[in-house]
$ cat structure.cif   # mmCIF, C-alpha atoms
data_target
loop_
_atom_site.label_atom_id
_atom_site.label_comp_id
_atom_site.auth_asym_id
_atom_site.auth_seq_id
_atom_site.Cartn_x
_atom_site.Cartn_y
_atom_site.Cartn_z
CA MET A 1 28.75 145.05 107.10
CA THR A 2 30.80 147.73 105.36
CA THR A 3 29.73 151.38 105.56
CA SER A 4 31.26 154.83 105.48
CA ASP A 5 30.16 155.61 109.04
CA ALA A 6 33.71 155.98 110.41
CA PHE A 7 34.51 158.68 107.85
CA HIS A 8 31.32 160.60 108.58
CA ARG A 9 31.89 160.41 112.33
CA ALA A 10 35.50 161.53 111.94
CA ILE A 11 34.61 164.74 110.07
CA ALA A 12 31.62 165.68 112.25
CA LEU A 13 32.96 168.98 113.60
CA THR A 14 31.56 170.91 116.54
CA GLU A 15 32.38 174.61 116.57
CA VAL A 16 33.58 175.74 119.99
CA HIS A 17 34.57 179.01 121.64
CA THR A 18 38.14 180.15 121.25
CA ALA A 19 40.17 182.99 122.70
CA PHE A 20 42.70 182.40 119.93
CA GLY A 21 41.21 184.99 117.56
CA GLY A 22 40.19 182.79 114.65
CA ARG A 23 37.70 179.92 114.81
CA ALA A 24 37.88 176.60 116.61
CA PHE A 25 36.34 173.15 116.23
CA GLU A 26 36.43 169.81 117.97
CA ALA A 27 36.31 166.36 116.33
CA GLN A 28 36.46 162.82 117.68
CA PRO A 29 39.11 160.36 116.38
CA GLN A 30 37.70 157.02 115.32
CA PRO A 31 38.51 153.71 117.06
CA VAL A 32 41.36 151.63 115.65
CA PRO A 33 42.94 148.37 116.90
CA TRP A 34 46.09 150.26 117.95
CA PRO A 35 46.87 152.74 120.74
CA LYS A 36 46.96 155.88 118.57
CA ALA A 37 44.51 157.33 116.05
CA TYR A 38 44.70 156.88 112.28
CA GLY A 39 46.57 159.84 110.77
CA GLY A 40 43.98 160.36 108.06
CA ASP A 41 41.46 161.23 110.77
CA THR A 42 43.65 164.15 111.78
CA VAL A 43 44.42 165.35 108.26
CA ALA A 44 40.77 165.19 107.20
CA GLN A 45 39.54 166.89 110.36
CA SER A 46 42.00 169.75 109.92
CA VAL A 47 41.01 170.11 106.26
CA ALA A 48 37.32 170.09 107.17
CA ALA A 49 37.95 172.74 109.84
CA ALA A 50 39.87 174.99 107.45
CA LEU A 51 37.19 174.60 104.78
CA ARG A 52 34.57 175.86 107.23
CA THR A 53 36.36 179.23 107.33
CA VAL A 54 36.67 180.07 103.60
CA ASP A 55 34.14 181.34 101.08
CA ASP A 56 32.44 178.93 98.70
CA ASP A 57 34.10 180.48 95.64
CA ARG A 58 37.48 178.89 96.44
CA ALA A 59 38.66 175.30 96.63
CA LEU A 60 41.43 173.62 98.58
CA HIS A 61 44.54 173.17 96.43
CA SER A 62 47.20 172.21 98.98
CA VAL A 63 47.70 171.18 102.58
CA HIS A 64 51.01 170.65 104.38
CA SER A 65 50.90 168.87 107.74
CA SER A 66 53.21 167.88 110.59
CA PHE A 67 52.35 165.12 113.07
CA LEU A 68 53.90 166.07 116.41
CA ARG A 69 52.37 163.58 118.85
CA GLY A 70 50.24 160.47 118.64
CA VAL A 71 46.52 161.22 119.00
CA ASP A 72 44.49 159.44 121.71
CA VAL A 73 41.38 157.87 120.17
CA GLU A 74 39.44 158.30 123.42
CA GLU A 75 39.49 162.11 123.45
CA PRO A 76 38.39 164.77 120.96
CA VAL A 77 40.97 166.95 119.25
CA HIS A 78 40.62 170.73 119.47
CA TYR A 79 41.46 172.53 116.20
CA ASP A 80 42.28 176.25 116.18
CA VAL A 81 42.05 177.77 112.70
CA GLU A 82 44.02 180.96 112.12
CA LEU A 83 42.81 183.08 109.20
CA ILE A 84 46.20 184.04 107.76
CA ARG A 85 45.10 185.72 104.53
CA ASP A 86 42.14 186.23 102.20
CA GLY A 87 43.15 187.65 98.84
CA ARG A 88 41.30 188.03 95.55
CA GLY A 89 42.45 184.62 94.31
CA PHE A 90 43.93 182.78 97.29
CA SER A 91 43.23 182.19 100.97
CA THR A 92 45.57 180.70 103.57
CA ARG A 93 44.71 179.01 106.88
CA HIS A 94 46.89 177.62 109.64
CA VAL A 95 45.42 174.83 111.77
CA ARG A 96 46.70 173.64 115.14
CA GLY A 97 45.36 170.46 116.69
CA HIS A 98 45.56 170.19 120.49
CA GLN A 99 44.84 167.27 122.78
CA HIS A 100 45.45 166.89 126.53
CA GLY A 101 46.76 170.46 126.57
CA LYS A 102 49.57 169.72 124.10
CA LEU A 103 50.07 170.54 120.45
CA ALA A 104 49.68 167.30 118.47
CA PHE A 105 49.33 168.45 114.87
CA MET A 106 49.85 171.47 112.61
CA ALA A 107 48.76 172.14 109.05
CA THR A 108 48.80 174.98 106.54
CA ALA A 109 46.06 174.90 103.93
CA SER A 110 45.81 177.04 100.81
CA PHE A 111 42.66 177.74 98.78
CA HIS A 112 42.28 179.11 95.26
CA VAL A 113 39.46 180.53 93.18
CA PRO A 114 39.35 178.10 90.20
CA GLU A 115 40.55 179.38 86.83
CA ALA A 116 40.16 178.07 83.27
CA PHE A 117 43.62 176.78 82.36
CA PRO A 118 45.26 173.91 80.40
CA ALA A 119 45.82 170.74 82.44
CA HIS A 120 48.64 168.20 82.30
CA GLY A 121 49.81 165.39 84.52
CA PRO A 122 51.73 162.10 84.56
CA SER A 123 49.93 159.29 82.79
CA MET A 124 47.96 156.81 84.87
CA PRO A 125 49.64 153.38 85.00
CA ALA A 126 47.92 150.49 83.26
CA VAL A 127 46.43 148.20 85.92
CA PRO A 128 43.58 145.68 86.14
CA SER A 129 40.09 147.05 86.68
CA PRO A 130 38.85 147.24 90.29
CA GLU A 131 36.03 144.80 89.55
CA SER A 132 38.60 142.12 88.68
CA LEU A 133 40.47 142.47 92.00
CA ARG A 134 39.79 141.19 95.51
CA SER A 135 38.44 143.53 98.14
CA SER A 136 40.30 143.67 101.45
CA ALA A 137 37.59 141.51 103.02
CA GLN A 138 38.01 138.88 100.30
CA ALA A 139 41.81 138.94 100.58
CA LEU A 140 41.57 138.40 104.35
CA GLU A 141 38.82 135.79 104.35
CA GLY A 142 39.56 133.09 106.93
CA VAL A 143 42.09 135.20 108.87
CA GLU A 144 41.02 136.30 112.36
CA GLY A 145 41.79 139.23 114.64
CA ALA A 146 40.65 142.74 115.54
CA ASP A 147 43.08 144.16 113.01
CA ILE A 148 41.61 141.90 110.33
CA ASP A 149 38.07 143.11 111.07
CA TYR A 150 39.28 146.70 110.84
CA TRP A 151 41.13 146.18 107.54
CA SER A 152 38.18 144.28 106.10
CA HIS A 153 35.24 146.44 107.14
CA GLY A 154 36.21 149.32 109.44
CA ARG A 155 37.85 151.90 107.22
CA SER A 156 34.88 153.37 105.28
CA PHE A 157 36.53 152.65 101.93
CA ASP A 158 36.76 149.67 99.60
CA MET A 159 40.47 149.15 98.76
CA ARG A 160 41.76 146.78 96.09
CA HIS A 161 45.51 146.32 95.73
CA VAL A 162 47.71 145.78 92.70
CA PRO A 163 49.63 143.45 92.81
CA GLY A 164 48.09 142.40 96.15
CA PRO A 165 47.81 143.64 99.75
CA ILE A 166 50.48 143.48 102.44
CA TYR A 167 48.26 142.85 105.47
CA VAL A 168 49.58 139.43 106.53
CA GLU A 169 52.26 138.86 103.92
CA VAL A 170 53.79 140.99 101.19
CA GLU A 171 51.96 139.83 98.08
CA GLY A 172 53.71 140.62 94.83
CA GLY A 173 57.27 140.77 96.13
CA ARG A 174 59.57 143.58 97.21
CA ALA A 175 58.65 146.07 94.51
CA ALA A 176 59.03 149.77 95.27
CA HIS A 177 55.58 150.58 93.91
CA GLN A 178 51.94 149.51 94.03
CA ALA A 179 48.49 150.80 93.15
CA VAL A 180 45.24 150.73 95.11
CA TRP A 181 41.74 151.28 93.74
CA VAL A 182 39.69 153.13 96.38
CA ARG A 183 36.13 154.35 96.76
CA SER A 184 33.81 154.92 99.72
CA PHE A 185 31.49 152.05 100.60
CA ASP A 186 28.48 154.41 100.52
CA ARG A 187 27.49 157.23 98.21
CA LEU A 188 28.56 160.62 99.56
CA ASP A 189 26.74 163.92 99.15
CA ASP A 190 27.29 166.10 96.09
CA ASP A 191 29.35 168.83 97.78
CA PRO A 192 32.83 168.84 96.12
CA ARG A 193 34.35 169.73 99.49
CA THR A 194 33.09 166.47 100.99
CA HIS A 195 34.99 164.57 98.31
CA GLN A 196 38.19 166.54 98.89
CA VAL A 197 37.97 165.75 102.60
CA ALA A 198 37.29 162.09 101.79
CA ILE A 199 40.39 161.86 99.58
CA ALA A 200 42.45 163.52 102.33
CA TYR A 201 41.01 160.97 104.76
CA VAL A 202 41.74 157.84 102.74
CA CYS A 203 45.18 158.84 101.43
CA ASP A 204 47.06 157.95 104.63
CA TYR A 205 45.95 154.31 104.87
CA THR A 206 48.34 152.96 102.24
CA ILE A 207 50.85 155.70 101.36
CA LEU A 208 53.69 154.02 103.32
CA GLU A 209 53.01 150.56 101.91
CA PRO A 210 55.57 150.83 99.07
CA VAL A 211 58.17 151.50 101.78
CA LEU A 212 57.04 148.42 103.70
CA ARG A 213 57.13 146.38 100.47
CA VAL A 214 60.77 147.27 99.88
CA LEU A 215 61.58 146.21 103.45
CA ASP A 216 59.46 143.01 103.16
CA LEU A 217 57.36 144.10 106.14
CA PRO A 218 53.65 143.19 106.11
CA TRP A 219 51.44 145.14 108.49
CA ARG A 220 51.17 142.10 110.77
CA SER A 221 54.96 141.88 111.26
CA GLU A 222 55.64 141.25 114.93
CA GLY A 223 56.78 144.45 116.65
CA LEU A 224 56.30 146.69 113.61
CA ILE A 225 55.58 150.32 114.50
CA THR A 226 54.91 153.06 111.97
CA ALA A 227 54.01 156.70 112.49
CA SER A 228 53.29 159.57 110.12
CA LEU A 229 55.80 162.42 110.46
CA ASP A 230 54.85 164.93 107.79
CA HIS A 231 52.39 165.00 104.95
CA ALA A 232 51.83 167.13 101.87
CA MET A 233 48.92 167.01 99.46
CA TRP A 234 48.05 168.92 96.30
CA PHE A 235 44.62 168.85 94.64
CA HIS A 236 44.69 169.27 90.86
CA SER A 237 41.08 168.66 89.81
CA PRO A 238 37.76 167.68 91.41
CA ALA A 239 36.62 164.06 91.60
CA ARG A 240 34.11 161.95 93.48
CA ALA A 241 35.50 159.75 96.25
CA ASP A 242 32.48 157.45 95.96
CA GLU A 243 33.59 156.47 92.45
CA TRP A 244 36.71 154.38 91.81
CA LEU A 245 39.97 156.30 92.04
CA LEU A 246 43.35 154.74 91.35
CA TYR A 247 45.95 155.60 93.98
CA ALA A 248 49.33 154.90 92.28
CA GLN A 249 52.16 154.85 94.82
CA GLU A 250 55.93 154.47 95.01
CA CYS A 251 58.71 154.46 97.58
CA GLY A 252 60.56 157.76 97.33
CA GLY A 253 63.42 156.75 99.61
CA ILE A 254 64.33 155.00 102.87
CA ALA A 255 66.99 156.08 105.40
CA ASP A 256 67.55 156.38 109.15
CA GLY A 257 64.33 154.58 110.10
CA ARG A 258 62.23 156.86 107.88
CA GLY A 259 60.53 156.16 104.58
CA LEU A 260 58.98 158.46 101.98
CA GLY A 261 55.82 157.46 100.13
CA ILE A 262 54.64 159.30 97.02
CA GLY A 263 51.18 158.78 95.52
CA ARG A 264 48.88 160.09 92.81
CA PHE A 265 45.10 159.78 92.55
CA TYR A 266 43.51 159.31 89.12
CA THR A 267 39.94 158.93 87.93
CA GLN A 268 39.12 155.79 85.96
CA ALA A 269 39.33 157.96 82.83
CA GLY A 270 42.97 158.75 83.68
CA ARG A 271 42.61 162.34 84.90
CA LEU A 272 45.07 163.35 87.64
CA VAL A 273 43.16 164.36 90.78
CA ALA A 274 45.71 164.77 93.59
CA THR A 275 49.34 164.17 94.53
CA VAL A 276 50.50 163.04 97.99
CA ALA A 277 53.91 162.85 99.66
CA GLN A 278 54.36 161.52 103.18
CA GLU A 279 57.34 160.61 105.33
CA GLY A 280 56.85 158.10 108.09
CA MET A 281 58.84 156.54 110.91
CA ILE A 282 59.46 152.80 110.49
CA ARG A 283 60.35 150.61 113.47
CA PRO A 284 60.53 147.08 112.05
CA GLY A 285 60.67 145.08 115.29
CA ARG A 286 63.32 142.78 113.80
CA PRO A 287 66.71 143.12 112.09
CA LEU A 288 66.48 144.04 108.40
#

$ encode --input "structure.cif" --output "structure tokens"
Amino acid sequence: MTTSDAFHRAIALTEVHTAFGGRAFEAQPQPVPWPKAYGGDTVAQSVAAALRTVDDDRALHSVHSSFLRGVDVEEPVHYDVELIRDGRGFSTRHVRGHQHGKLAFMATASFHVPEAFPAHGPSMPAVPSPESLRSSAQALEGVEGADIDYWSHGRSFDMRHVPGPIYVEVEGGRAAHQAVWVRSFDRLDDDPRTHQVAIAYVCDYTILEPVLRVLDLPWRSEGLITASLDHAMWFHSPARADEWLLYAQECGGIADGRGLGIGRFYTQAGRLVATVAQEGMIRPGRPL
């Protein structure tokens, strides 16, 4: 059964006492088949924490994050939110995520009071409709393993790849680009902030896949290790994460065991919603 429970559990914040001077929250990472938590958990939790500290008249427009240590899925993460600035048009927050007494994550988030202004963005690529593509569960039918169950049903979002996924093999060849249709399995509430957090949550699942495509490394490659290093995200316009969004992605460069993924979210009507850039560590487990 596929539901959005993991996403809802991940962003369920508990406000806690802090001597830091701002506000503080705790959130529980969600189980994954690997030793360390999914990076989107951490990004979304930090975004949700920062959003809790700003007025309703302003929306998140950018977040810049650094992953410093792997996050243990068994323990909650403590997020301190520093209220850097509240101006007439912009607010800035700095978020620090701690676990086991050590700093694991940092992010700076900026918020803006929306303004009427002309919009422009790169055109959405022409791709098949999501209804014509296989879901992850359909693409992995007949393959067994805890990782397969997670990819098929455990990530709160339906994901449909163009030209095809890279779970067990790299479908579609060693191209430096791909696209993924995404939407939550369940309908979300109508708060625009929920949908921003959801997009921040889902963006990390596939952003490094164009890098892995170039290297001909499916996720199931023996010995493969990846880790998010830094992450930047800009929100251009509101959209619902429970309606299909196209996540168009490309490899921005590979060197020294690091790869850069760049992605853009579009509505089905072609409106640019958000831009993502993320660098990750790649340890292939075999000679390239």

$ atom_distance --input "structure.cif" --atom1 "CA of His100 in chain A" --atom2 "CA of Gln45 in chain A"
17.2 Å

$ resolve_selection --input "structure.cif" --expression "the PyMOL selection byres ((chain A and resi 168) around 12)" --output "number ranges by chain"
A: 136, 139-145, 147-148, 151, 164-167, 169-171, 213, 216-222

$ residues_near_point --input "structure.cif" --point "(27.9, 166.5, 114.5)" --cutoff "12 Å" --atoms "only C-alpha atoms" --output "short mmCIF file (atom, residue, chain, number, x, y, z; two decimals) with C-alpha atoms, in the frame of the given file"
data_model
loop_
_atom_site.label_atom_id
_atom_site.label_comp_id
_atom_site.auth_asym_id
_atom_site.auth_seq_id
_atom_site.Cartn_x
_atom_site.Cartn_y
_atom_site.Cartn_z
CA HIS A 8 31.32 160.60 108.58
CA ARG A 9 31.89 160.41 112.33
CA ALA A 10 35.50 161.53 111.94
CA ILE A 11 34.61 164.74 110.07
CA ALA A 12 31.62 165.68 112.25
CA LEU A 13 32.96 168.98 113.60
CA THR A 14 31.56 170.91 116.54
CA GLU A 15 32.38 174.61 116.57
CA PHE A 25 36.34 173.15 116.23
CA GLU A 26 36.43 169.81 117.97
CA ALA A 27 36.31 166.36 116.33
CA GLN A 28 36.46 162.82 117.68
#

$ closest_residue --input "structure.cif" --among "A:Ala198, A:Asp204, A:Ile225, A:Pro210" --to "Arg240 in chain A" --atoms "only C-alpha atoms"
A:Ala198

$ closest_residue --input "structure.cif" --among "A:Arg93, A:Ala116, A:Gly39, A:Val73" --to "Leu208 in chain A" --atoms "only C-alpha atoms"
A:Gly39

$ closest_residue --input "structure.cif" --among "A:Lys102, A:Arg88, A:His94, A:Arg187" --to "Arg69 in chain A" --atoms "only C-alpha atoms"
A:Lys102

$ closest_residue --input "structure.cif" --among "A:Gly40, A:Gly21, A:Pro35, A:Gly172" --to "His231 in chain A" --atoms "all atoms listed in the file"
A:Gly40

$ residues_around --input "structure.cif" --residues "Met124 in chain A" --least-positions-apart "5" --cutoff "9 Å" --atoms "only C-alpha atoms" --output "PyMOL selection string"
chain A and resi 246+248+264-272

$ resolve_selection --input "structure.cif" --expression "the PyMOL selection byres ((chain A and resi 199) around 10)" --output "VMD selection string"
chain A and resid 40 44 182 to 184 193 to 198 200 to 204 233 235 239 to 242 245 265 273 to 274

$ build_atoms --input "structure.cif" --residues "range 197-208 of chain A" --atoms "all heavy atoms" --output "PDB file, keeping the file's coordinate frame"
ATOM      1  N   VAL A 197      37.697 166.231 101.244  1.00  0.00           N
ATOM      2  CA  VAL A 197      37.970 165.750 102.600  1.00  0.00           C
ATOM      3  C   VAL A 197      38.089 164.228 102.611  1.00  0.00           C
ATOM      4  O   VAL A 197      38.954 163.664 103.291  1.00  0.00           O
ATOM      5  CB  VAL A 197      36.869 166.231 103.574  1.00  0.00           C
ATOM      6  CG1 VAL A 197      37.066 165.619 104.952  1.00  0.00           C
ATOM      7  CG2 VAL A 197      36.873 167.751 103.673  1.00  0.00           C
ATOM      8  N   ALA A 198      37.242 163.549 101.841  1.00  0.00           N
ATOM      9  CA  ALA A 198      37.290 162.090 101.790  1.00  0.00           C
ATOM     10  C   ALA A 198      38.616 161.599 101.204  1.00  0.00           C
ATOM     11  O   ALA A 198      39.200 160.618 101.688  1.00  0.00           O
ATOM     12  CB  ALA A 198      36.116 161.556 100.975  1.00  0.00           C
ATOM     13  N   ILE A 199      39.107 162.258 100.171  1.00  0.00           N
ATOM     14  CA  ILE A 199      40.390 161.860  99.580  1.00  0.00           C
ATOM     15  C   ILE A 199      41.520 162.130 100.567  1.00  0.00           C
ATOM     16  O   ILE A 199      42.450 161.318 100.709  1.00  0.00           O
ATOM     17  CB  ILE A 199      40.604 162.595  98.242  1.00  0.00           C
ATOM     18  CG1 ILE A 199      39.569 162.118  97.220  1.00  0.00           C
ATOM     19  CG2 ILE A 199      42.016 162.369  97.715  1.00  0.00           C
ATOM     20  CD1 ILE A 199      39.511 162.953  95.960  1.00  0.00           C
ATOM     21  N   ALA A 200      41.456 163.248 101.286  1.00  0.00           N
ATOM     22  CA  ALA A 200      42.450 163.520 102.330  1.00  0.00           C
ATOM     23  C   ALA A 200      42.395 162.462 103.421  1.00  0.00           C
ATOM     24  O   ALA A 200      43.429 162.071 103.985  1.00  0.00           O
ATOM     25  CB  ALA A 200      42.224 164.911 102.913  1.00  0.00           C
ATOM     26  N   TYR A 201      41.191 161.984 103.716  1.00  0.00           N
ATOM     27  CA  TYR A 201      41.010 160.970 104.760  1.00  0.00           C
ATOM     28  C   TYR A 201      41.621 159.636 104.349  1.00  0.00           C
ATOM     29  O   TYR A 201      42.365 159.008 105.110  1.00  0.00           O
ATOM     30  CB  TYR A 201      39.517 160.810 105.041  1.00  0.00           C
ATOM     31  CG  TYR A 201      39.157 159.789 106.087  1.00  0.00           C
ATOM     32  CD1 TYR A 201      39.122 160.131 107.436  1.00  0.00           C
ATOM     33  CD2 TYR A 201      38.830 158.475 105.734  1.00  0.00           C
ATOM     34  CE1 TYR A 201      38.775 159.206 108.404  1.00  0.00           C
ATOM     35  CE2 TYR A 201      38.482 157.539 106.694  1.00  0.00           C
ATOM     36  CZ  TYR A 201      38.460 157.913 108.027  1.00  0.00           C
ATOM     37  OH  TYR A 201      38.126 156.981 108.977  1.00  0.00           O
ATOM     38  N   VAL A 202      41.335 159.182 103.145  1.00  0.00           N
ATOM     39  CA  VAL A 202      41.740 157.840 102.740  1.00  0.00           C
ATOM     40  C   VAL A 202      43.209 157.757 102.340  1.00  0.00           C
ATOM     41  O   VAL A 202      43.809 156.678 102.350  1.00  0.00           O
ATOM     42  CB  VAL A 202      40.843 157.333 101.581  1.00  0.00           C
ATOM     43  CG1 VAL A 202      41.193 158.014 100.266  1.00  0.00           C
ATOM     44  CG2 VAL A 202      40.902 155.823 101.450  1.00  0.00           C
ATOM     45  N   CYS A 203      43.841 158.880 102.020  1.00  0.00           N
ATOM     46  CA  CYS A 203      45.180 158.840 101.430  1.00  0.00           C
ATOM     47  C   CYS A 203      46.235 158.274 102.367  1.00  0.00           C
ATOM     48  O   CYS A 203      47.246 157.731 101.908  1.00  0.00           O
ATOM     49  CB  CYS A 203      45.590 160.224 100.938  1.00  0.00           C
ATOM     50  SG  CYS A 203      46.025 161.383 102.242  1.00  0.00           S
ATOM     51  N   ASP A 204      46.018 158.352 103.669  1.00  0.00           N
ATOM     52  CA  ASP A 204      47.060 157.950 104.630  1.00  0.00           C
ATOM     53  C   ASP A 204      47.065 156.444 104.900  1.00  0.00           C
ATOM     54  O   ASP A 204      48.031 155.918 105.429  1.00  0.00           O
ATOM     55  CB  ASP A 204      46.860 158.719 105.938  1.00  0.00           C
ATOM     56  CG  ASP A 204      48.022 158.555 106.898  1.00  0.00           C
ATOM     57  OD1 ASP A 204      49.159 158.392 106.423  1.00  0.00           O
ATOM     58  OD2 ASP A 204      47.801 158.581 108.121  1.00  0.00           O
ATOM     59  N   TYR A 205      46.009 155.731 104.549  1.00  0.00           N
ATOM     60  CA  TYR A 205      45.950 154.310 104.870  1.00  0.00           C
ATOM     61  C   TYR A 205      47.088 153.514 104.235  1.00  0.00           C
ATOM     62  O   TYR A 205      47.655 152.616 104.858  1.00  0.00           O
ATOM     63  CB  TYR A 205      44.623 153.714 104.386  1.00  0.00           C
ATOM     64  CG  TYR A 205      43.458 153.928 105.304  1.00  0.00           C
ATOM     65  CD1 TYR A 205      42.286 154.521 104.834  1.00  0.00           C
ATOM     66  CD2 TYR A 205      43.493 153.526 106.636  1.00  0.00           C
ATOM     67  CE1 TYR A 205      41.195 154.710 105.664  1.00  0.00           C
ATOM     68  CE2 TYR A 205      42.415 153.723 107.480  1.00  0.00           C
ATOM     69  CZ  TYR A 205      41.265 154.315 106.982  1.00  0.00           C
ATOM     70  OH  TYR A 205      40.193 154.504 107.812  1.00  0.00           O
ATOM     71  N   THR A 206      47.429 153.815 103.001  1.00  0.00           N
ATOM     72  CA  THR A 206      48.340 152.960 102.240  1.00  0.00           C
ATOM     73  C   THR A 206      49.583 153.655 101.721  1.00  0.00           C
ATOM     74  O   THR A 206      50.413 153.015 101.062  1.00  0.00           O
ATOM     75  CB  THR A 206      47.595 152.331 101.046  1.00  0.00           C
ATOM     76  OG1 THR A 206      47.055 153.386 100.224  1.00  0.00           O
ATOM     77  CG2 THR A 206      46.453 151.434 101.522  1.00  0.00           C
ATOM     78  N   ILE A 207      49.774 154.955 102.006  1.00  0.00           N
ATOM     79  CA  ILE A 207      50.850 155.700 101.360  1.00  0.00           C
ATOM     80  C   ILE A 207      52.239 155.172 101.751  1.00  0.00           C
ATOM     81  O   ILE A 207      53.190 155.286 100.966  1.00  0.00           O
ATOM     82  CB  ILE A 207      50.727 157.217 101.658  1.00  0.00           C
ATOM     83  CG1 ILE A 207      51.730 158.027 100.825  1.00  0.00           C
ATOM     84  CG2 ILE A 207      50.883 157.482 103.146  1.00  0.00           C
ATOM     85  CD1 ILE A 207      51.579 157.885  99.342  1.00  0.00           C
ATOM     86  N   LEU A 208      52.390 154.563 102.917  1.00  0.00           N
ATOM     87  CA  LEU A 208      53.690 154.020 103.320  1.00  0.00           C
ATOM     88  C   LEU A 208      53.886 152.570 102.901  1.00  0.00           C
ATOM     89  O   LEU A 208      54.953 151.995 103.130  1.00  0.00           O
ATOM     90  CB  LEU A 208      53.889 154.149 104.828  1.00  0.00           C
ATOM     91  CG  LEU A 208      54.042 155.569 105.380  1.00  0.00           C
ATOM     92  CD1 LEU A 208      54.238 155.529 106.892  1.00  0.00           C
ATOM     93  CD2 LEU A 208      55.221 156.295 104.721  1.00  0.00           C
TER      94      LEU A 208
END
